[in-house]
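The structure appears below as structure tokens.
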Amino acid sequence: MAEKKFFLQSSAELQRIGLRAQIVSFLIAHGIREGNALNDLENKKKVIIAIRAEEEKAIEQVKTELVRYLNKLKYEDEECYGQFPTDITASELTDLNNPHSIKILSLTDLANSLMLEQTSKGVGAMLSLTNVLKPLASLPEAIRGLSERIGGK
């Protein structure tokens, strides 16, 4: 069994755009059952990926396909992936403890964790949106009043 990690990098930020959820979804869909996807705490333009597979060649292939997939997302759906960069690259494969250690997890467990994280972001966004939309509550009455004034002249 092979275990390797690599870094995804870009000239733009890779964190806080839902990238790790996309990565985990991709890995699961490609038969990877164990791995990890962590934000680099020191560089927001970097994400750390770890994969366990039968052989290193399989990890290298998944890495190549993942980069190709992520770089095409923006063009397929501008609304959902508009913040995704199109210049993502991947580093060479390294050992899990080089230079910092990363744990291998069940990707199903990681996917559940990321879903909770994304849901909590959504709750905050919905609350913020509610506050932004409150002033629009008086809009129907204002339109009726305007219509009556225009119709009355």
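Residues are referred to by chain and number: the chain letter is A, B, ... according to the order shown in the structure tokens, the number counts from 1 in that chain, and ligands are numbered separately from 1 in the order shown.
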- Message: Excluding Ala37 of chain A and its own-chain neighbours fewer than 2 positions away, which residues fall within 7 Å of it when counting only C-alpha atoms? Please give them as JSON, numbers by chain.
- Response: {"A": [20, 39, 47, 48, 49, 50]}
- Query: Do you know which residues are at most 12 Å from Phe6 of chain A counting only C-alpha atoms, after dropping those on the same chain fewer than 3 positions away, and could you put them as a PyMOL selection string?
  - Reply: chain A and resi 3+9+35-38+40+46-52+59-60+62-64+66-67+89-102
- Task: Enumerate as a PyMOL selection string all residues of chain A assigned to alpha helix (DSSP H) by DSSP on the backbone, naming them with the chain letters and numbers the document uses.
- Result: chain A and resi 19-29+56-76+78-81+107-133+139-152
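Between Met115 of chain A and the residues A:Ile150, A:Val24, A:Leu8, A:Ala142, the shortest atom-to-atom distance, using only C-alpha atoms, involves A:Val24.
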- Item | Members of chain A assigned strand (DSSP E) by DSSP, as a list in words |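 Checking each residue of chain A, the strand (DSSP E) ones are Ala2, Glu3, Lys4, Lys5, Phe6, Phe7, Leu8, Gln9, Glu34, Gly35, Asn36, Ala37, Leu38, Asn39, Lys46, Val47, Ile48, Ile49, Ala50, Ile51, Arg52, Ala53, Thr89, Ala90, Leu105 and Ser106 of chain A.
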Would you export the selected residues with C-alpha atoms as a compact mmCIF listing (two decimals), in the first residue's frame, please?
# COMPACT_ATOMS: atom_id res chain seq x y z
CA ALA A 2 1.37 3.44 -0.96
CA GLU A 3 0.81 6.66 0.98
CA LYS A 4 1.95 9.98 -0.49
CA LYS A 5 1.11 13.64 -0.26
CA PHE A 6 1.42 16.60 -2.60
CA PHE A 7 0.53 20.26 -2.60
CA LEU A 8 -1.91 22.03 -4.88
CA GLN A 9 -0.80 25.61 -5.55
CA GLU A 34 -8.49 7.02 2.26
CA GLY A 35 -6.62 10.30 2.22
CA ASN A 36 -6.86 13.87 3.41
CA ALA A 37 -7.19 17.45 2.19
CA LEU A 38 -5.95 20.21 4.47
CA ASN A 39 -5.54 23.94 4.08
CA LYS A 46 -1.76 26.07 -1.08
CA VAL A 47 -3.76 22.97 -0.12
CA ILE A 48 -2.19 19.71 1.07
CA ILE A 49 -3.52 16.43 -0.32
CA ALA A 50 -2.69 12.96 0.99
CA ILE A 51 -3.73 9.72 -0.70
CA ARG A 52 -3.46 6.03 0.17
CA ALA A 53 -3.69 3.68 -2.83
CA THR A 89 -0.49 23.06 -10.21
CA ALA A 90 0.64 20.13 -8.10
CA LEU A 105 -8.44 9.41 7.13
CA SER A 106 -11.46 7.68 5.72
- Which is closest to Lys45 of chain A among A:Ser128, A:Ser10, A:Asn71, A:Gln22, if we use only C-alpha atoms?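 Among A:Ser128, A:Ser10, A:Asn71, A:Gln22, it is A:Ser10 that comes nearest to Lys45 of chain A.
Using only C-alpha atoms, the nearest neighbour of Met1 of chain A within the list A:Glu42, A:Glu79, A:Glu54, A:Glu148 is A:Glu54.
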- Query: So what do you get for atom CA of Ile88 of chain A versus atom CA of Leu41 of chain A, distance-wise?
  - Reply: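 Between these atoms lies a distance of 18.0 Å.
Computed from the coordinates, the atom CA of Ala12 of chain A to atom CA of Pro85 of chain A distance equals 6.3 Å.
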- Just give me the gap between atom CA of Leu114 of chain A and atom CA of Thr86 of chain A in Å, one decimal is fine.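 Atom CA of Thr86 of chain A lies at a distance of 22.6 Å from atom CA of Leu114 of chain A.
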- Residue nearest Leu110 of chain A among A:Leu27, A:Ile143, A:Lys74, A:Ser138 (counting only C-alpha atoms): A:Leu27
